[in-house]
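Report on one structure; see the data block that follows.
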Amino acid sequence: MATTEHSTHQPAPLSLYLATFGMLMFLTIVTILAGFHNFGMWSTPIALGIAGVKAALVVVIFMHGYSSSSLTWVIILASMFFLTIMLGLMLSDYVSRGWAL
Amino acid sequence: MSATNETVQDHGQHHHKDLAHHFDTLEQQHDANTLGMWAFLLTEVLFFGGLFAAYTIYRYKYSAMFEEASNHLDITLGATNTVILILSSLTMALAVRCSQTGNSLWTGRWLLITIAFGLMFLGVKYVEWKHDYHIHLMPGKDWSGKDYWHWQYAKKAKEMETEAHKKGSAEHSLPNRNDVLADNDPSLGVRGIQESQQARLFFLLYFCMTSLHALHMLVGFVLIGIIAYFAYQGAYSPEYYSPVENIGLYWHFVDIVWIFLFPLLYLLGAHMGH
């Protein structure tokens, strides 16, 4: 939550953006290397985990999540919540019942 | 009523040129703008979410064929595009930063550089889609039922490519369509049809997801172009840069979608070897 009047207007240091970019590049390489490796059933959770960290970096740094109001964070978290409901409940139905696709 | 009138009068006394009448302060206006943009992005998450849901279900049902089908996509091109898009996210973040520090010229420049990277991304995508089309990965009306030769053709093309790579030559020709039709082994029967249909689902999702993503980029080019024009006109300042911030949020969202699409579509079958 913004406490002082101009707290959301302070530009982040350039080095923070460059470091974030470097981290995103690094994680891209990691995800490719992991992709060529057979982790069996863990392959997808690992790939999604890395993608999740990358997405979090983009949201928090590039999209200024670190200085966003709590109301904005309610929306950010709500988007994930509803996406989880959509994927989770739909999948639970297909996993637990033998739908002929 | 009198209270409302007083507020209106208060506004008139210290009215910033960029402050809309219904906001008390620039800070409040900025927060409301950001919140509105995020609310729009929430609907976008669920918009793409529908396709991700379809992907999840069919991937769960036909995991083996999805892995095999994924192996037909070009990881090098996919990875190149991932790098290009993350670069464009960086330049977009720098554009927003310049608007925060009041550097209008570089706000405009970084925005145009962002568009340039976006165009590079679509250029790579064009090369990729064109190749996908030529090796019959594009699902069409012939892709189902008895006519599963498209998938046979794609597999043949993949074999020939692997063969050429083993011999160390980068060049490889495409299979002859009539040869594939003649080779079409009827004993594959029901299994062949099922395989073909499951692979078709993967490529249907691949084309839908990547083209919806590309459509978002095209919309982005227009919007970024407009904001860049106004930036060059000096419309933004450290007190008022919400439009730049919001176009940035949009572009980063498009980047995030690709961050998930890349491993889910391209890297799925990578461990099976190329």
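In the structure tokens, chains take letters A, B, ... by order of appearance, with residues numbered from 1 within each chain and ligands from 1 in the order shown.
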Leu71 of chain A surroundings by only C-alpha atoms, 12 Å radius, close-in-sequence under 6 positions cut, as number ranges by chain: A: 1-2, 65, 77-78; B: 31-32, 34-36, 38-39
Contact set, chain B to chain A: 8 Å, only C-alpha atoms, as a ChimeraX atom specification: /B:27,31,34-35,38-39,42-43,45-46,49,52-53,56-57,79,82-83,86-87,89-90,93-94,97,100-101,238-239,248-249,252,256,259-260,263-264,267-273
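The space separating atom CA of Leu85 of chain B from atom CA of Trp258 of chain B comes to 8.1 Å.
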Length of the atom CA of Val244 of chain B to atom CA of Ala95 of chain B vector [Å]: 7.7 Å
In segment 2-99 of chain A, DSSP helix (DSSP H, G or I) residues written as a ChimeraX atom specification: /A:7-9,14-35,40-62,65-67,70-96
Interatomic distance (Å, one decimal) between atom CA of Glu159 of chain B and atom CA of Leu174 of chain B: 10.2 Å
Residue among A:Val53, A:Gly98, A:Leu89, A:Ser15 lying closest to Leu27 of chain A, counting only C-alpha atoms: A:Val53
B:Asn81, B:Thr114, B:Ser104, B:Asn33 ranked by distance to Trp251 of chain B, top pick (using only C-alpha atoms): B:Thr114
